[in-house]
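Trainee: Contents of structure.txt (compact mmCIF, C-alpha atoms) are given next:
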```txt
# COMPACT_ATOMS: atom_id res chain seq x y z
CA MET A 1 -16.58 -50.90 82.98
CA THR A 2 -14.25 -48.38 81.34
CA ALA A 3 -14.82 -46.30 78.27
CA GLY A 4 -15.10 -49.12 75.77
CA ALA A 5 -18.40 -48.71 74.03
CA SER A 6 -18.45 -45.40 72.24
CA ALA A 7 -21.49 -45.96 70.05
CA THR A 8 -24.00 -44.40 72.45
CA PRO A 9 -24.36 -40.75 71.56
CA ALA A 10 -24.17 -38.53 74.64
CA SER A 11 -26.43 -36.26 72.73
CA PRO A 12 -26.73 -32.52 72.35
CA PRO A 13 -30.01 -31.48 73.92
CA GLU A 14 -31.88 -30.13 70.93
CA PHE A 15 -31.23 -32.91 68.47
CA VAL A 16 -31.40 -36.29 70.18
CA PRO A 17 -31.11 -39.27 67.86
CA GLY A 18 -34.15 -41.45 68.28
CA ALA A 19 -36.03 -38.84 70.30
CA PRO A 20 -39.81 -39.15 70.11
CA PRO A 21 -41.48 -36.59 67.82
CA PRO A 22 -42.90 -33.59 69.67
CA ALA A 23 -46.37 -34.09 71.09
CA ALA A 24 -48.80 -32.37 73.42
CA PHE A 25 -48.90 -33.30 77.11
CA SER A 26 -52.27 -35.01 76.73
CA ALA A 27 -51.07 -36.95 73.67
CA ASP A 28 -48.13 -38.27 75.69
CA VAL A 29 -50.52 -39.38 78.43
CA TRP A 30 -53.08 -40.98 76.12
CA ARG A 31 -50.47 -42.95 74.20
CA GLY A 32 -49.64 -45.04 77.25
CA ILE A 33 -53.27 -45.76 78.03
CA GLY A 34 -54.31 -46.77 74.52
CA ARG A 35 -52.24 -47.15 71.40
CA GLU A 36 -49.01 -48.09 73.21
CA ASN A 37 -50.51 -49.82 76.24
CA PRO A 38 -47.56 -51.33 78.11
CA VAL A 39 -49.12 -54.75 78.73
CA LEU A 40 -51.48 -55.36 75.81
CA ILE A 41 -49.42 -53.72 73.04
CA GLN A 42 -45.80 -53.52 74.22
CA MET A 43 -46.08 -56.87 76.05
CA LEU A 44 -44.06 -55.54 78.98
CA GLY A 45 -44.64 -56.23 82.65
CA LEU A 46 -46.39 -59.53 81.97
CA CYS A 47 -45.07 -61.07 85.18
CA PRO A 48 -46.94 -58.79 87.61
CA SER A 49 -49.91 -58.91 85.24
CA MET A 50 -50.24 -62.60 86.09
CA ALA A 51 -48.87 -62.78 89.60
CA VAL A 52 -50.79 -60.04 91.42
CA THR A 53 -54.09 -59.98 89.58
CA ASN A 54 -55.93 -62.64 91.58
CA THR A 55 -58.06 -60.01 93.32
CA LEU A 56 -59.13 -56.56 92.22
CA ALA A 57 -57.62 -54.91 95.30
CA ASN A 58 -54.22 -56.45 94.55
CA GLY A 59 -54.32 -55.45 90.88
CA LEU A 60 -55.31 -51.90 91.78
CA ALA A 61 -52.59 -51.57 94.42
CA MET A 62 -49.90 -53.02 92.15
CA GLY A 63 -50.95 -50.67 89.35
CA ALA A 64 -50.93 -47.63 91.62
CA ALA A 65 -47.53 -48.52 93.08
CA THR A 66 -46.05 -49.00 89.60
CA LEU A 67 -47.59 -45.70 88.51
CA LEU A 68 -45.83 -43.85 91.34
CA VAL A 69 -42.52 -45.56 90.60
CA LEU A 70 -42.86 -44.83 86.86
CA VAL A 71 -43.59 -41.14 87.35
CA GLY A 72 -40.79 -40.67 89.89
CA SER A 73 -38.15 -42.58 87.95
CA GLU A 74 -39.01 -41.09 84.57
CA VAL A 75 -38.87 -37.52 85.86
CA PHE A 76 -35.54 -38.15 87.61
CA VAL A 77 -34.03 -39.94 84.62
CA SER A 78 -35.06 -36.98 82.47
CA LEU A 79 -33.72 -34.41 84.96
CA PHE A 80 -30.29 -36.05 85.04
CA ARG A 81 -30.19 -37.08 81.37
CA LYS A 82 -27.44 -34.61 80.48
CA VAL A 83 -25.29 -35.48 83.49
CA ILE A 84 -25.34 -39.26 83.18
CA PRO A 85 -22.70 -40.54 80.73
CA GLY A 86 -24.00 -43.05 78.18
CA GLU A 87 -21.69 -45.80 79.39
CA VAL A 88 -23.25 -45.99 82.85
CA ARG A 89 -26.78 -44.94 81.99
CA ILE A 90 -28.48 -48.31 82.58
CA THR A 91 -26.73 -48.66 85.95
CA SER A 92 -27.87 -45.17 86.90
CA TYR A 93 -31.45 -45.81 85.75
CA VAL A 94 -31.65 -49.02 87.78
CA LEU A 95 -30.33 -47.13 90.80
CA ILE A 96 -32.96 -44.40 90.39
CA ILE A 97 -35.75 -46.97 89.89
CA ALA A 98 -34.64 -49.08 92.88
CA THR A 99 -34.63 -45.96 95.05
CA PHE A 100 -38.18 -45.08 94.08
CA VAL A 101 -39.41 -48.64 94.55
CA THR A 102 -37.96 -48.71 98.07
CA VAL A 103 -39.50 -45.33 98.87
CA VAL A 104 -42.94 -46.35 97.56
CA ASP A 105 -42.71 -49.70 99.38
CA LEU A 106 -41.96 -48.02 102.70
CA ALA A 107 -44.61 -45.36 102.17
CA LEU A 108 -47.21 -48.04 101.38
CA ALA A 109 -46.26 -50.06 104.46
CA ALA A 110 -46.64 -46.94 106.59
CA THR A 111 -49.96 -45.79 105.14
CA PHE A 112 -51.83 -48.88 103.88
CA PRO A 113 -50.44 -51.84 105.85
CA ASP A 114 -53.11 -54.28 104.61
CA ILE A 115 -52.42 -53.66 100.92
CA SER A 116 -48.69 -53.72 101.57
CA LYS A 117 -49.12 -57.11 103.27
CA ALA A 118 -51.11 -58.47 100.33
CA LEU A 119 -48.55 -57.34 97.74
CA GLY A 120 -45.76 -58.84 99.84
CA PRO A 121 -42.79 -59.96 97.76
CA PHE A 122 -44.14 -58.52 94.50
CA MET A 123 -43.55 -54.94 95.53
CA PRO A 124 -39.71 -54.98 95.42
CA LEU A 125 -39.91 -56.78 92.06
CA ILE A 126 -41.15 -53.55 90.41
CA VAL A 127 -37.42 -52.78 90.12
CA VAL A 128 -37.11 -55.39 87.39
CA ASN A 129 -40.42 -54.55 85.72
CA CYS A 130 -39.42 -53.94 82.10
CA ILE A 131 -42.00 -51.16 81.74
CA VAL A 132 -40.08 -48.89 84.10
CA LEU A 133 -36.59 -49.48 82.68
CA GLY A 134 -37.98 -49.61 79.15
CA ARG A 135 -39.65 -46.20 79.40
CA ALA A 136 -36.58 -44.69 81.10
CA GLU A 137 -34.32 -45.82 78.25
CA ALA A 138 -36.68 -45.36 75.31
CA PHE A 139 -38.40 -42.15 76.33
CA ALA A 140 -37.44 -40.32 79.53
CA ALA A 141 -33.72 -40.18 78.70
CA LYS A 142 -34.46 -38.30 75.47
CA VAL A 143 -37.04 -35.71 76.48
CA ARG A 144 -37.62 -32.84 78.89
CA PRO A 145 -38.97 -33.66 82.41
CA VAL A 146 -42.50 -32.45 81.58
CA ARG A 147 -42.86 -34.98 78.78
CA ALA A 148 -41.31 -37.69 80.97
CA LEU A 149 -43.96 -36.86 83.57
CA ALA A 150 -46.73 -37.18 80.97
CA ASP A 151 -45.35 -40.48 79.73
CA GLY A 152 -45.02 -41.82 83.28
CA ILE A 153 -48.62 -40.93 84.06
CA GLY A 154 -49.86 -42.41 80.78
CA MET A 155 -47.92 -45.67 80.98
CA GLY A 156 -48.75 -46.00 84.68
CA LEU A 157 -52.46 -45.48 84.04
CA GLY A 158 -52.36 -47.88 81.07
CA PHE A 159 -50.73 -50.52 83.24
CA THR A 160 -53.15 -49.93 86.12
CA LEU A 161 -56.16 -50.08 83.81
CA THR A 162 -55.04 -53.37 82.28
CA LEU A 163 -54.38 -54.87 85.71
CA VAL A 164 -57.78 -53.72 86.92
CA VAL A 165 -59.50 -55.39 83.95
CA ILE A 166 -57.57 -58.66 84.37
CA SER A 167 -57.96 -58.79 88.15
CA GLY A 168 -61.62 -57.75 87.95
CA ILE A 169 -62.42 -60.65 85.61
CA ARG A 170 -60.41 -63.09 87.72
CA GLU A 171 -61.91 -62.09 91.05
CA LEU A 172 -65.44 -62.03 89.64
CA LEU A 173 -65.22 -65.53 88.18
CA GLY A 174 -62.85 -67.06 90.72
CA ARG A 175 -64.49 -65.78 93.89
CA GLY A 176 -67.81 -64.37 92.76
CA SER A 177 -66.89 -61.04 94.34
CA LEU A 178 -65.46 -57.64 93.50
CA LEU A 179 -63.24 -55.85 96.03
CA ASN A 180 -64.28 -58.61 98.46
CA VAL A 181 -67.97 -57.71 98.08
CA ASN A 182 -70.06 -60.69 97.01
CA VAL A 183 -71.70 -60.12 93.64
CA PHE A 184 -73.37 -63.35 92.57
CA GLY A 185 -74.91 -64.41 95.87
CA PRO A 186 -74.50 -67.63 97.82
CA HIS A 187 -75.50 -70.00 94.99
CA PHE A 188 -72.58 -69.15 92.74
CA GLU A 189 -69.90 -71.84 92.77
CA PRO A 190 -66.59 -69.93 92.42
CA TRP A 191 -64.42 -70.98 89.50
CA VAL A 192 -61.31 -71.26 91.67
CA PHE A 193 -59.17 -71.99 88.61
CA MET A 194 -59.39 -68.30 87.71
CA VAL A 195 -57.62 -67.03 90.84
CA MET A 196 -54.83 -69.59 90.47
CA PRO A 197 -51.87 -68.86 88.15
CA PRO A 198 -53.31 -70.57 85.02
CA GLY A 199 -56.34 -68.29 85.23
CA GLY A 200 -54.03 -65.32 84.75
CA PHE A 201 -52.57 -66.74 81.54
CA LEU A 202 -56.02 -67.56 80.24
CA THR A 203 -57.46 -64.13 81.01
CA LEU A 204 -54.54 -62.23 79.50
CA GLY A 205 -54.53 -64.48 76.42
CA ILE A 206 -58.22 -63.98 75.79
CA LEU A 207 -57.90 -60.21 76.33
CA MET A 208 -55.08 -60.01 73.77
CA LEU A 209 -56.97 -62.21 71.34
CA GLY A 210 -60.02 -59.99 71.63
CA LEU A 211 -57.93 -56.86 71.13
CA ALA A 212 -56.14 -58.28 68.08
CA TRP A 213 -59.46 -59.38 66.61
CA PHE A 214 -60.95 -55.94 67.19
CA ALA A 215 -57.93 -54.19 65.63
CA GLU A 216 -58.03 -56.51 62.63
CA ALA A 217 -61.74 -55.92 62.09
CA ARG A 218 -61.19 -52.16 62.22
CA ARG A 219 -58.33 -52.36 59.76
CA ARG A 220 -60.47 -54.34 57.34
CA ARG A 221 -63.31 -51.90 57.66
CA ALA A 222 -60.98 -48.96 56.97
CA LYS A 223 -59.66 -50.76 53.89
CA ALA A 224 -63.16 -51.48 52.62
CA VAL A 225 -64.05 -47.78 52.88
CA ALA A 226 -60.91 -46.75 51.04
CA MET B 1 -25.40 -50.16 70.16
CA THR B 2 -28.57 -48.16 70.05
CA MET B 3 -31.73 -49.42 71.62
CA PRO B 4 -34.69 -50.25 69.42
CA HIS B 5 -37.58 -47.89 69.86
CA SER B 6 -40.79 -47.04 68.17
CA HIS B 7 -40.37 -43.36 67.31
CA GLY B 8 -38.59 -41.12 64.88
CA ALA B 9 -35.77 -41.44 62.44
CA PRO B 10 -33.11 -44.16 62.71
CA PRO B 11 -30.39 -42.98 65.09
CA THR B 12 -27.19 -41.74 63.55
CA ALA B 13 -24.34 -43.41 65.38
CA ALA B 14 -21.88 -40.56 65.28
CA PRO B 15 -18.56 -41.70 66.77
CA ARG B 16 -17.74 -39.77 69.91
CA ALA B 17 -14.89 -39.49 72.29
CA SER B 18 -15.56 -41.86 75.18
CA THR B 19 -16.21 -40.47 78.62
CA PRO B 20 -13.16 -40.54 80.94
CA ALA B 21 -13.28 -43.25 83.60
CA TRP B 22 -13.17 -40.82 86.53
CA ARG B 23 -16.41 -39.24 85.35
CA LEU B 24 -18.17 -42.59 85.22
CA VAL B 25 -17.00 -43.44 88.72
CA THR B 26 -17.97 -40.04 90.11
CA THR B 27 -21.40 -40.18 88.49
CA LEU B 28 -22.17 -43.55 90.03
CA ALA B 29 -20.71 -42.55 93.41
CA VAL B 30 -22.79 -39.37 93.57
CA ALA B 31 -25.91 -41.19 92.37
CA GLY B 32 -25.36 -43.94 94.95
CA ALA B 33 -24.88 -41.43 97.76
CA MET B 34 -28.04 -39.53 96.78
CA SER B 35 -30.03 -42.72 96.57
CA GLY B 36 -28.75 -43.88 99.95
CA LEU B 37 -29.62 -40.56 101.54
CA MET B 38 -33.14 -40.66 100.11
CA VAL B 39 -33.84 -44.26 101.15
CA SER B 40 -32.49 -43.84 104.67
CA SER B 41 -34.41 -40.63 105.30
CA VAL B 42 -37.67 -42.16 104.07
CA TYR B 43 -36.95 -45.23 106.23
CA GLN B 44 -36.45 -43.07 109.31
CA TRP B 45 -39.58 -41.15 108.51
CA THR B 46 -41.85 -44.19 107.98
CA LEU B 47 -40.42 -46.47 110.69
CA PRO B 48 -42.65 -45.28 113.58
CA ALA B 49 -45.81 -45.78 111.52
CA ILE B 50 -44.74 -49.23 110.31
CA GLU B 51 -43.86 -50.39 113.83
CA GLN B 52 -47.13 -49.00 115.11
CA HIS B 53 -49.09 -50.99 112.51
CA ALA B 54 -47.28 -54.20 113.47
CA ALA B 55 -48.00 -53.56 117.15
CA GLU B 56 -51.66 -52.83 116.40
CA ARG B 57 -52.03 -56.04 114.41
CA GLU B 58 -50.54 -57.99 117.30
CA LYS B 59 -52.72 -56.21 119.82
CA ALA B 60 -55.87 -56.96 117.85
CA ALA B 61 -54.87 -60.62 117.57
CA VAL B 62 -54.19 -60.95 121.32
CA TYR B 63 -57.49 -59.28 122.11
CA GLU B 64 -59.36 -61.65 119.80
CA VAL B 65 -57.77 -64.98 120.76
CA LEU B 66 -58.05 -64.34 124.50
CA GLY B 67 -61.72 -63.43 124.32
CA ALA B 68 -61.52 -59.68 125.01
CA PRO B 69 -59.26 -59.41 128.07
CA ALA B 70 -59.21 -56.19 130.10
CA ARG B 71 -55.40 -56.19 130.18
CA TRP B 72 -52.50 -58.53 129.56
CA ASP B 73 -48.91 -59.13 130.64
CA THR B 74 -46.13 -59.89 128.20
CA LEU B 75 -43.72 -62.71 129.04
CA TYR B 76 -40.45 -63.14 127.17
CA LEU B 77 -38.70 -66.43 126.53
CA VAL B 78 -35.06 -65.95 127.53
CA ASN B 79 -32.67 -68.89 128.06
CA ASP B 80 -35.50 -71.46 128.08
CA ALA B 81 -37.37 -69.68 130.88
CA LEU B 82 -40.08 -67.06 130.95
CA THR B 83 -39.41 -63.65 132.37
CA ARG B 84 -41.36 -60.44 132.66
CA THR B 85 -38.38 -58.28 131.65
CA ALA B 86 -37.74 -57.77 127.97
CA PRO B 87 -34.33 -58.99 126.79
CA ALA B 88 -32.00 -56.07 126.19
CA THR B 89 -30.87 -57.44 122.84
CA LYS B 90 -31.95 -55.89 119.58
CA GLY B 91 -35.02 -57.14 117.77
CA VAL B 92 -37.20 -57.51 120.86
CA ALA B 93 -40.23 -57.73 118.58
CA ARG B 94 -38.87 -60.99 117.17
CA ALA B 95 -38.19 -62.65 120.54
CA PRO B 96 -40.67 -65.45 121.42
CA ARG B 97 -43.37 -64.07 123.67
CA ALA B 98 -46.48 -65.15 125.50
CA PHE B 99 -49.33 -62.86 126.48
CA VAL B 100 -51.18 -63.60 129.71
CA GLY B 101 -54.63 -62.04 129.65
CA PHE B 102 -56.82 -61.04 132.62
CA ASP B 103 -60.42 -59.91 132.86
CA ALA B 104 -61.56 -56.78 134.70
CA ASP B 105 -61.49 -58.58 138.10
CA GLY B 106 -57.90 -59.75 137.62
CA LYS B 107 -58.88 -63.35 136.91
CA GLU B 108 -56.60 -65.07 134.40
CA LEU B 109 -58.41 -65.68 131.10
CA GLY B 110 -55.71 -67.52 129.24
CA VAL B 111 -52.43 -67.26 127.40
CA ALA B 112 -51.78 -66.21 123.82
CA ILE B 113 -48.79 -67.63 121.97
CA THR B 114 -47.67 -67.64 118.36
CA GLY B 115 -46.51 -70.50 116.18
CA THR B 116 -44.92 -70.58 112.72
CA GLU B 117 -44.69 -73.64 110.49
CA PRO B 118 -44.80 -74.45 106.78
CA GLY B 119 -48.27 -74.52 105.25
CA PHE B 120 -49.03 -75.40 101.65
CA GLN B 121 -46.76 -72.78 100.07
CA ASP B 122 -44.94 -70.77 102.69
CA ASN B 123 -44.74 -70.40 106.44
CA VAL B 124 -48.03 -69.84 108.22
CA THR B 125 -47.94 -67.81 111.43
CA ILE B 126 -50.90 -67.94 113.77
CA MET B 127 -51.66 -66.66 117.24
CA ILE B 128 -53.28 -69.16 119.56
CA GLY B 129 -55.24 -68.46 122.74
CA PHE B 130 -55.64 -71.27 125.32
CA ARG B 131 -56.13 -71.92 129.04
CA PRO B 132 -52.99 -73.60 130.42
CA SER B 133 -54.89 -74.85 133.51
CA THR B 134 -57.32 -77.00 131.50
CA GLY B 135 -55.54 -77.15 128.14
CA GLU B 136 -58.68 -75.86 126.45
CA LEU B 137 -58.43 -73.70 123.31
CA ILE B 138 -60.01 -70.25 123.21
CA GLY B 139 -59.36 -69.50 119.57
CA PHE B 140 -56.75 -68.67 116.96
CA ARG B 141 -56.05 -66.02 114.39
CA VAL B 142 -53.85 -66.15 111.30
CA LEU B 143 -51.17 -63.47 111.43
CA GLU B 144 -49.38 -64.30 108.20
CA GLN B 145 -50.02 -66.74 105.36
CA LYS B 146 -49.41 -67.05 101.63
CA GLU B 147 -51.73 -70.00 100.97
CA THR B 148 -53.53 -70.45 97.64
CA PRO B 149 -56.01 -67.60 97.15
CA GLY B 150 -59.56 -68.91 97.22
CA LEU B 151 -58.58 -72.26 98.75
CA GLY B 152 -55.87 -72.31 101.42
CA ASP B 153 -56.49 -68.76 102.51
CA LYS B 154 -59.85 -69.92 103.87
CA ILE B 155 -57.96 -70.87 107.05
CA GLU B 156 -58.14 -67.13 107.65
CA SER B 157 -61.53 -66.23 106.17
CA ASP B 158 -63.80 -69.29 106.56
CA THR B 159 -65.62 -68.63 109.83
CA THR B 160 -67.10 -72.14 110.13
CA PHE B 161 -63.51 -73.38 110.21
CA THR B 162 -62.02 -70.73 112.47
CA THR B 163 -64.77 -70.66 115.09
CA GLN B 164 -64.88 -74.43 115.71
CA PHE B 165 -61.58 -74.34 117.63
CA ALA B 166 -63.09 -72.69 120.72
CA GLY B 167 -63.39 -75.21 123.55
CA ARG B 168 -61.44 -77.94 121.75
CA MET B 169 -58.75 -79.87 123.64
CA PRO B 170 -55.37 -80.22 121.93
CA PRO B 171 -53.65 -82.30 120.69
CA LEU B 172 -56.15 -81.91 117.86
CA ARG B 173 -56.90 -84.12 114.89
CA GLY B 174 -58.02 -82.77 111.51
CA VAL B 175 -61.00 -84.75 110.21
CA LYS B 176 -62.34 -84.77 106.65
CA GLY B 177 -66.12 -84.55 106.46
CA ALA B 178 -68.35 -84.82 109.52
CA THR B 179 -66.76 -85.07 112.96
CA SER B 180 -67.98 -87.56 115.55
CA GLY B 181 -68.16 -84.78 118.13
CA GLY B 182 -64.90 -85.59 119.92
CA LYS B 183 -63.24 -82.82 121.90
CA ASP B 184 -60.05 -83.25 119.87
CA GLU B 185 -61.60 -83.19 116.40
CA VAL B 186 -61.76 -80.28 113.98
CA GLN B 187 -63.26 -80.41 110.52
CA THR B 188 -60.83 -79.57 107.71
CA ILE B 189 -61.84 -77.24 104.86
CA THR B 190 -62.88 -78.95 101.64
CA GLY B 191 -60.15 -78.32 99.05
CA ALA B 192 -57.73 -77.01 101.66
CA THR B 193 -56.89 -80.11 103.68
CA ILE B 194 -53.15 -79.41 103.76
CA SER B 195 -53.61 -75.83 104.95
CA SER B 196 -56.18 -76.92 107.55
CA ARG B 197 -53.86 -79.64 108.84
CA ALA B 198 -51.03 -77.09 108.99
CA VAL B 199 -53.15 -75.00 111.36
CA VAL B 200 -53.85 -78.07 113.50
CA ARG B 201 -50.16 -79.01 113.54
CA ILE B 202 -49.06 -75.48 114.46
CA ILE B 203 -51.54 -75.38 117.35
CA ASN B 204 -50.49 -78.80 118.66
CA ASN B 205 -46.75 -78.08 118.46
CA ALA B 206 -47.00 -74.57 119.91
CA ILE B 207 -49.02 -75.76 122.89
CA ALA B 208 -46.71 -78.73 123.44
CA ARG B 209 -43.77 -76.36 123.45
CA TRP B 210 -45.21 -73.62 125.65
CA SER B 211 -47.19 -75.66 128.20
CA PRO B 212 -44.16 -76.84 130.28
CA LEU B 213 -42.65 -73.34 130.11
CA LEU B 214 -45.87 -71.78 131.40
CA ALA B 215 -46.20 -74.45 134.11
CA ALA B 216 -42.65 -73.73 135.30
CA TRP B 217 -43.48 -70.02 135.30
CA GLU B 218 -46.59 -70.53 137.43
CA GLU B 219 -44.66 -72.80 139.82
CA GLY B 220 -41.92 -70.21 140.18
CA GLY B 221 -44.47 -67.79 141.64
CA ALA B 222 -45.17 -66.02 138.36
CA GLN B 223 -42.35 -63.55 138.82
```
As structure tokens, what does this structure read like?
Mentor:
Amino acid sequence: MTAGASATPASPPEFVPGAPPPAAFSADVWRGIGRENPVLIQMLGLCPSMAVTNTLANGLAMGAATLLVLVGSEVFVSLFRKVIPGEVRITSYVLIIATFVTVVDLALAATFPDISKALGPFMPLIVVNCIVLGRAEAFAAKVRPVRALADGIGMGLGFTLTLVVISGIRELLGRGSLLNVNVFGPHFEPWVFMVMPPGGFLTLGILMLGLAWFAEARRRRAKAVA
Amino acid sequence: MTMPHSHGAPPTAAPRASTPAWRLVTTLAVAGAMSGLMVSSVYQWTLPAIEQHAAEREKAAVYEVLGAPARWDTLYLVNDALTRTAPATKGVARAPRAFVGFDADGKELGVAITGTEPGFQDNVTIMIGFRPSTGELIGFRVLEQKETPGLGDKIESDTTFTTQFAGRMPPLRGVKGATSGGKDEVQTITGATISSRAVVRIINNAIARWSPLLAAWEEGGAQ
């Protein structure tokens, strides 16, 4: 891995090619939750969105863990953005992300052993969650740490929110409970299909369909007014 | 080779002098060292809590499967024989162990052992409490399982399944539907026959393995 590729600009700080346009802290946060939601709009992190959303507690824990990793990695990537040469930037980002995943994994095992047990093998796999590497490369590496922090919080919350919705629907239909508390009473026959892997695909597909339909309807309405 | 992104003007790929190799190597070396330092310090810092949680989980399981003993002794399996002294090797927590429980008057309540075998998806580990003198089961508790959520994981959560093991005499048989009341019969969970049978198999094999060891231990004066 020597100095072969020279196309990546090791940029001057004030004019970064491809840097996001300036925005307020709150705008950076809100973007991740809504308009650029990592799962529903960017279609990133679909694997954990299926694999760990069989119960609400799992979805919530996975979302929170990813949020912590995102914030930590984005801030660190941004802090070191001028020191890391372009040729080894992806390697460095992966190293930073892997460090934070390990730290969060250990901290979770020490503080919430039950949740850590439930997440099991999915926790270390946050390292290869495209949301984290994607935001490091596309955003954090081009902005100041404060904006990276805002983006990490926003994307993390957007991811958590989506996981909570998916896992809430799946647990409710597949077990008749929410956070292990029975909702429908003893006469509800759980739709076990929903907590198995196909239920994840179905739920996510229907969510995306609904969102696309809603966006299309709004676009049409806007056009009709204009 | 610029990455696609959703913001701003198209990047201008201005040709630049490439970074010297020594800088790339130093960057990665320093980053690696920092990362290693961070991970190892967090590991050191969290290790006591993590070990304590594991010990607590085990303690709770022993307490449950032996029917609330007042105290218990730990026996270690070293060189095919039981001994009261822990082996000096590393990873003591992983060494096979049996827990002999006593009530407040010092009467032996039973022995708790663990067994691990494949279930429906991954290994299932359970702790089993039984009375070696009669061979009667006291109970069991799932320590680790990754069975299908909502189906196989009922071996842990379905109380009609888990409580029926008390007083049964292994070797057990898993029966679908109603049992005929035999001392060796347990009713499998509807929709989770494989996971239920895995529990039965683990109990049978663990007791078959540990019974002669415990008998030899008792014969040797329980030292």
Trainee: B:Ile207, B:Ile50, B:Ile194, B:Ala81: which is nearest chain A, counting all atoms listed in the file?
Mentor: B:Ile50
Trainee: Excluding stretch 132-147 of chain A and its own-chain neighbours fewer than 3 positions away, which residues fall within 10 Å of it when counting all atoms listed in the file? Please give them as an mmCIF file with C-alpha atoms, in the frame of the given file.
Mentor:
```cif
data_model
loop_
_atom_site.group_PDB
_atom_site.id
_atom_site.type_symbol
_atom_site.label_atom_id
_atom_site.label_comp_id
_atom_site.auth_asym_id
_atom_site.auth_seq_id
_atom_site.Cartn_x
_atom_site.Cartn_y
_atom_site.Cartn_z
ATOM 1 C CA SER A 11 -26.430 -36.260 72.730
ATOM 2 C CA PRO A 13 -30.010 -31.480 73.920
ATOM 3 C CA GLU A 14 -31.880 -30.130 70.930
ATOM 4 C CA PHE A 15 -31.230 -32.910 68.470
ATOM 5 C CA VAL A 16 -31.400 -36.290 70.180
ATOM 6 C CA PRO A 17 -31.110 -39.270 67.860
ATOM 7 C CA GLY A 18 -34.150 -41.450 68.280
ATOM 8 C CA ALA A 19 -36.030 -38.840 70.300
ATOM 9 C CA PRO A 20 -39.810 -39.150 70.110
ATOM 10 C CA PRO A 21 -41.480 -36.590 67.820
ATOM 11 C CA PRO A 22 -42.900 -33.590 69.670
ATOM 12 C CA ALA A 23 -46.370 -34.090 71.090
ATOM 13 C CA ALA A 24 -48.800 -32.370 73.420
ATOM 14 C CA PHE A 25 -48.900 -33.300 77.110
ATOM 15 C CA SER A 26 -52.270 -35.010 76.730
ATOM 16 C CA ALA A 27 -51.070 -36.950 73.670
ATOM 17 C CA ASP A 28 -48.130 -38.270 75.690
ATOM 18 C CA VAL A 29 -50.520 -39.380 78.430
ATOM 19 C CA PRO A 38 -47.560 -51.330 78.110
ATOM 20 C CA LEU A 44 -44.060 -55.540 78.980
ATOM 21 C CA GLY A 45 -44.640 -56.230 82.650
ATOM 22 C CA THR A 66 -46.050 -49.000 89.600
ATOM 23 C CA LEU A 67 -47.590 -45.700 88.510
ATOM 24 C CA VAL A 69 -42.520 -45.560 90.600
ATOM 25 C CA LEU A 70 -42.860 -44.830 86.860
ATOM 26 C CA VAL A 71 -43.590 -41.140 87.350
ATOM 27 C CA SER A 73 -38.150 -42.580 87.950
ATOM 28 C CA GLU A 74 -39.010 -41.090 84.570
ATOM 29 C CA VAL A 75 -38.870 -37.520 85.860
ATOM 30 C CA PHE A 76 -35.540 -38.150 87.610
ATOM 31 C CA VAL A 77 -34.030 -39.940 84.620
ATOM 32 C CA SER A 78 -35.060 -36.980 82.470
ATOM 33 C CA LEU A 79 -33.720 -34.410 84.960
ATOM 34 C CA PHE A 80 -30.290 -36.050 85.040
ATOM 35 C CA ARG A 81 -30.190 -37.080 81.370
ATOM 36 C CA LYS A 82 -27.440 -34.610 80.480
ATOM 37 C CA ILE A 84 -25.340 -39.260 83.180
ATOM 38 C CA ARG A 89 -26.780 -44.940 81.990
ATOM 39 C CA ILE A 90 -28.480 -48.310 82.580
ATOM 40 C CA TYR A 93 -31.450 -45.810 85.750
ATOM 41 C CA VAL A 94 -31.650 -49.020 87.780
ATOM 42 C CA ILE A 96 -32.960 -44.400 90.390
ATOM 43 C CA ILE A 97 -35.750 -46.970 89.890
ATOM 44 C CA ILE A 126 -41.150 -53.550 90.410
ATOM 45 C CA VAL A 127 -37.420 -52.780 90.120
ATOM 46 C CA VAL A 128 -37.110 -55.390 87.390
ATOM 47 C CA ASN A 129 -40.420 -54.550 85.720
ATOM 48 C CA ALA A 150 -46.730 -37.180 80.970
ATOM 49 C CA ASP A 151 -45.350 -40.480 79.730
ATOM 50 C CA GLY A 152 -45.020 -41.820 83.280
ATOM 51 C CA ILE A 153 -48.620 -40.930 84.060
ATOM 52 C CA MET A 155 -47.920 -45.670 80.980
ATOM 53 C CA GLY A 156 -48.750 -46.000 84.680
ATOM 54 C CA MET B 3 -31.730 -49.420 71.620
ATOM 55 C CA PRO B 4 -34.690 -50.250 69.420
ATOM 56 C CA HIS B 5 -37.580 -47.890 69.860
ATOM 57 C CA SER B 6 -40.790 -47.040 68.170
ATOM 58 C CA HIS B 7 -40.370 -43.360 67.310
#
```
Trainee: Between atom CA of A:Trp191 and atom CA of A:Leu172, what is the distance, to one decimal in Å?
Mentor: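 Computing it gives 9.0 Å between the two atoms.
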Trainee: Interatomic distance between atom CA of B:Met38 and atom CA of A:Ala65?
Mentor: 17.8 Å
Trainee: Using all atoms listed in the file, which of the listed residues (B:Lys176, B:Arg84, B:Arg97, B:His53) sits closest to chain A?
Mentor: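 Looking at the shortest contact to chain A, the residue is B:His53.
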Trainee: Quick one, how far is atom CA of B:Leu82 from atom CA of B:Pro132?
Mentor: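 Separation between atom CA of B:Leu82 and atom CA of B:Pro132: 14.5 Å.
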Trainee: Which residue, B:Leu137, B:Lys146, B:Gly181, B:Lys59, has the smallest gap to chain A when you use only C-alpha atoms?
Mentor: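 Of B:Leu137, B:Lys146, B:Gly181, B:Lys59, the one nearest chain A, counting only C-alpha atoms, is B:Lys146.
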